[in-house]
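These notes are about the structure you will find just below.
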Amino acid sequence: MRLVSYCTTEAPRPGVAIGGRVYDISALLALRPEMTDRRCSTTREFLASFSGELSAVADALTTLAISHPECAVGDVESVRLAPPVVDPAKVLCVGLNYADHVAETSRELPTHPDVFVKFASSLIGPGDDICLSTITAKLDYEGELAIVIGTRARNVTEADALAYVAGVMVANDSSARDLQYNGTQ
């Protein structure tokens with residue numbers, strides 16, 4: 001299942017991309033009476049409502065989308081997509097996470113994860129422009145693997161960690177390198 005958020009005139013809505021089309025999740029769920037009482041005005045709410053049963057829900061949504069094409073809001077190429085999760089509770093990043101990057105920064109290989117945060121307001125959709133700010137002369141970018149945690153977690157063992165992952169996606173991380181090097185992160 002490819003979860004998305006798509007833009008409307010009111011607010012981003014949770015959707016699912018199936019077969020090159022984007023479907024409104026709420027419209028699909030409304031077709032299943034046993035699922036209509038679950039909140040999902042955002043992708044985050046959808047993940048919270050269906051935590052632990054995403055595989056079964058993915059199958060149900062796919063079946064519903066195929067039999068109810070009227071729930072499509074458009075083709076993936078024509079619908080403006082927002083970040084898949086527009087309202088994350090946290091965006092944690094791990095810096096210096098591969099040896100080549102550490103070498104290009106002329107820094108020491110860290111002995112512990114170098115964790116920093118990004119703010120939800122810095123997230124944009126896949127077709128949105130990255131705006132160059134006048135406060136930096138060294139805007140840098142790098143492709144990253146983003147992991148979406150779909151279930152509340154605390155003190156999770158390494159063996160159980162993947163059970164909390166709702167999905168993965170490619171992300172473009174941009175940084176003002178000249179400003180970044182004024183501090184430790």
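Labels for the structure tokens follow display order: chains A, B, ..., residues from 1 in each chain, ligands from 1.
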
Might you pull out every residue within 8 Å of A:Tyr141, with only C-alpha atoms counted and same-chain residues fewer than 4 positions away left off, and present them as a PDB file with N, CA, C and O atoms, in the first residue's frame?
```
ATOM      1  N   ASN A 172      14.338  13.995   0.487  1.00  0.00           N
ATOM      2  CA  ASN A 172      15.405  14.899   0.089  1.00  0.00           C
ATOM      3  C   ASN A 172      15.659  15.808   1.276  1.00  0.00           C
ATOM      4  O   ASN A 172      14.812  16.611   1.639  1.00  0.00           O
ATOM      5  N   ASP A 173      16.819  15.663   1.899  1.00  0.00           N
ATOM      6  CA  ASP A 173      17.172  16.470   3.058  1.00  0.00           C
ATOM      7  C   ASP A 173      18.020  17.642   2.598  1.00  0.00           C
ATOM      8  O   ASP A 173      19.084  17.456   2.024  1.00  0.00           O
ATOM      9  N   SER A 174      17.535  18.850   2.819  1.00  0.00           N
ATOM     10  CA  SER A 174      18.328  20.025   2.461  1.00  0.00           C
ATOM     11  C   SER A 174      18.813  20.708   3.735  1.00  0.00           C
ATOM     12  O   SER A 174      18.117  20.715   4.750  1.00  0.00           O
ATOM     13  N   SER A 175      20.024  21.236   3.664  1.00  0.00           N
ATOM     14  CA  SER A 175      20.654  21.855   4.826  1.00  0.00           C
ATOM     15  C   SER A 175      21.423  23.095   4.411  1.00  0.00           C
ATOM     16  O   SER A 175      21.977  23.148   3.314  1.00  0.00           O
TER      17      SER A 175
END
```

Find the spatial neighbours of A:Asn97, counting only C-alpha atoms, within a cut-off of 8 Å - ignore same-chain residues fewer than 3 positions away - and output them as a VMD selection string. chain A and resid 94 101 to 102 113 to 114

Okay, now the selection with all heavy atoms, as an mmCIF file, in the first residue's frame?
```cif
data_model
loop_
_atom_site.group_PDB
_atom_site.id
_atom_site.type_symbol
_atom_site.label_atom_id
_atom_site.label_comp_id
_atom_site.auth_asym_id
_atom_site.auth_seq_id
_atom_site.Cartn_x
_atom_site.Cartn_y
_atom_site.Cartn_z
ATOM 1 N N VAL A 94 19.260 11.182 11.662
ATOM 2 C CA VAL A 94 20.555 10.691 12.113
ATOM 3 C C VAL A 94 21.600 11.191 11.133
ATOM 4 O O VAL A 94 21.574 10.844 9.956
ATOM 5 C CB VAL A 94 20.582 9.146 12.202
ATOM 6 C CG1 VAL A 94 21.951 8.670 12.666
ATOM 7 C CG2 VAL A 94 19.489 8.648 13.145
ATOM 8 N N HIS A 101 30.009 9.941 3.738
ATOM 9 C CA HIS A 101 29.552 11.266 4.146
ATOM 10 C C HIS A 101 30.428 11.811 5.272
ATOM 11 O O HIS A 101 30.760 12.997 5.300
ATOM 12 C CB HIS A 101 28.089 11.221 4.567
ATOM 13 C CG HIS A 101 27.522 12.554 4.944
ATOM 14 N ND1 HIS A 101 27.587 13.654 4.116
ATOM 15 C CD2 HIS A 101 26.888 12.969 6.063
ATOM 16 C CE1 HIS A 101 27.004 14.686 4.716
ATOM 17 N NE2 HIS A 101 26.582 14.289 5.892
ATOM 18 N N VAL A 102 30.796 10.953 6.208
ATOM 19 C CA VAL A 102 31.676 11.376 7.297
ATOM 20 C C VAL A 102 33.002 11.864 6.718
ATOM 21 O O VAL A 102 33.519 12.916 7.099
ATOM 22 C CB VAL A 102 31.905 10.232 8.316
ATOM 23 C CG1 VAL A 102 32.935 10.632 9.361
ATOM 24 C CG2 VAL A 102 30.592 9.848 8.996
ATOM 25 N N PRO A 113 24.846 7.444 17.558
ATOM 26 C CA PRO A 113 24.061 8.166 16.551
ATOM 27 C C PRO A 113 24.087 9.674 16.795
ATOM 28 O O PRO A 113 23.973 10.132 17.930
ATOM 29 C CB PRO A 113 22.646 7.614 16.737
ATOM 30 C CG PRO A 113 22.832 6.280 17.374
ATOM 31 C CD PRO A 113 24.059 6.418 18.252
ATOM 32 N N ASP A 114 24.271 10.429 15.735
ATOM 33 C CA ASP A 114 24.279 11.887 15.782
ATOM 34 C C ASP A 114 22.867 12.349 15.414
ATOM 35 O O ASP A 114 22.550 12.556 14.241
ATOM 36 C CB ASP A 114 25.319 12.416 14.787
ATOM 37 C CG ASP A 114 25.561 13.906 14.907
ATOM 38 O OD1 ASP A 114 25.108 14.506 15.902
ATOM 39 O OD2 ASP A 114 26.182 14.470 13.996
#
```

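Of the residues listed (A:Val148, A:Ala161, A:Leu179, A:Val22), A:Val22 shows the shortest atom-to-atom separation from A:Glu77; distances use only C-alpha atoms.
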
Residues at most 8 Å from stretch 55-60 of chain A, counting only C-alpha atoms, excluding those fewer than 4 positions away in the same chain, as a tab-separated table (two decimals) with C-alpha atoms, in the first residue's frame?
```
chain	number	residue	atom	x	y	z
A	1	MET	CA	0.00	0.00	0.00
A	50	PHE	CA	-5.33	0.92	11.98
A	64	LEU	CA	-12.48	-1.29	-2.71
```

Can you pull out every residue from chain A that DSSP, working from the backbone, puts in strand (DSSP E), and format the result as a PyMOL selection string? chain A and resi 2-6+13-18+21-24+72-75+81-82+92-95+114-117+139-149+165-176

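In this comparison, which uses only C-alpha atoms, the residue of A:Arg177, A:Pro126, A:Arg152, A:Ala137 approaching A:Val79 most closely is A:Pro126.
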
All residues 10 Å or closer to A:Glu45, only C-alpha atoms, same chain fewer than 5 positions away omitted, as a PDB file with N, CA and C atoms, in the first residue's frame:
```pdb
ATOM      1  N   PRO A  14      -5.776  12.332   3.580  1.00  0.00           N
ATOM      2  CA  PRO A  14      -5.079  11.052   3.429  1.00  0.00           C
ATOM      3  C   PRO A  14      -5.611  10.280   2.228  1.00  0.00           C
ATOM      4  N   ARG A  38     -13.727   4.872  12.478  1.00  0.00           N
ATOM      5  CA  ARG A  38     -12.314   5.137  12.752  1.00  0.00           C
ATOM      6  C   ARG A  38     -11.925   6.486  12.148  1.00  0.00           C
ATOM      7  N   ARG A  39     -11.271   7.312  12.944  1.00  0.00           N
ATOM      8  CA  ARG A  39     -10.866   8.644  12.490  1.00  0.00           C
ATOM      9  C   ARG A  39      -9.696   8.536  11.517  1.00  0.00           C
ATOM     10  N   CYS A  40      -9.783   9.294  10.453  1.00  0.00           N
ATOM     11  CA  CYS A  40      -8.638   9.343   9.547  1.00  0.00           C
ATOM     12  C   CYS A  40      -8.696  10.583   8.667  1.00  0.00           C
ATOM     13  N   PHE A  50      -5.480   2.270  12.524  1.00  0.00           N
ATOM     14  CA  PHE A  50      -5.332   0.921  11.978  1.00  0.00           C
ATOM     15  C   PHE A  50      -3.984   0.289  12.327  1.00  0.00           C
ATOM     16  N   SER A  51      -3.361   0.778  13.366  1.00  0.00           N
ATOM     17  CA  SER A  51      -2.085   0.233  13.816  1.00  0.00           C
ATOM     18  C   SER A  51      -2.218  -1.266  14.075  1.00  0.00           C
ATOM     19  N   VAL A  85       2.970  12.133   5.572  1.00  0.00           N
ATOM     20  CA  VAL A  85       2.453  12.431   6.908  1.00  0.00           C
ATOM     21  C   VAL A  85       2.678  13.927   7.113  1.00  0.00           C
ATOM     22  N   ASP A  87       1.512  15.892   9.505  1.00  0.00           N
ATOM     23  CA  ASP A  87       1.511  16.348  10.898  1.00  0.00           C
ATOM     24  C   ASP A  87       2.264  15.385  11.815  1.00  0.00           C
ATOM     25  N   GLY A 150       4.654   3.889  12.597  1.00  0.00           N
ATOM     26  CA  GLY A 150       3.200   3.967  12.575  1.00  0.00           C
ATOM     27  C   GLY A 150       2.514   3.623  13.869  1.00  0.00           C
TER      28      GLY A 150
END
```

Write out as a count of residues only the residues lying within 12 Å of A:Gly74, counting only C-alpha atoms and excluding same-chain residues fewer than 3 positions away. 21

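Minimum atom-to-atom distance to A:Ile149, evaluated using only C-alpha atoms, belongs to A:Leu162 out of A:Ile66, A:Val115, A:Val86, A:Leu162.
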
Mind checking which residues fall within 10 Å of A:Ala11, counting only C-alpha atoms, ignoring those fewer than 6 positions away in the same chain, and posting them as a compact mmCIF listing (two decimals) with C-alpha atoms, in the first residue's frame?
```txt
# COMPACT_ATOMS: atom_id res chain seq x y z
CA SER A 5 -1.48 12.89 1.43
CA SER A 41 -8.68 12.99 8.53
CA THR A 42 -4.88 12.75 8.24
CA ALA A 82 1.83 16.75 0.19
CA VAL A 86 1.73 16.17 7.10
```

Which residues in chain A does DSSP call alpha helix (DSSP H)? List them as a PyMOL selection string. chain A and resi 25-29+43-49+54-67+99-104+177-180

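Nearest residue to A:Leu139 among A:Ala30, A:Leu3, A:Ala176, A:Met35 is A:Ala176, counting only C-alpha atoms.
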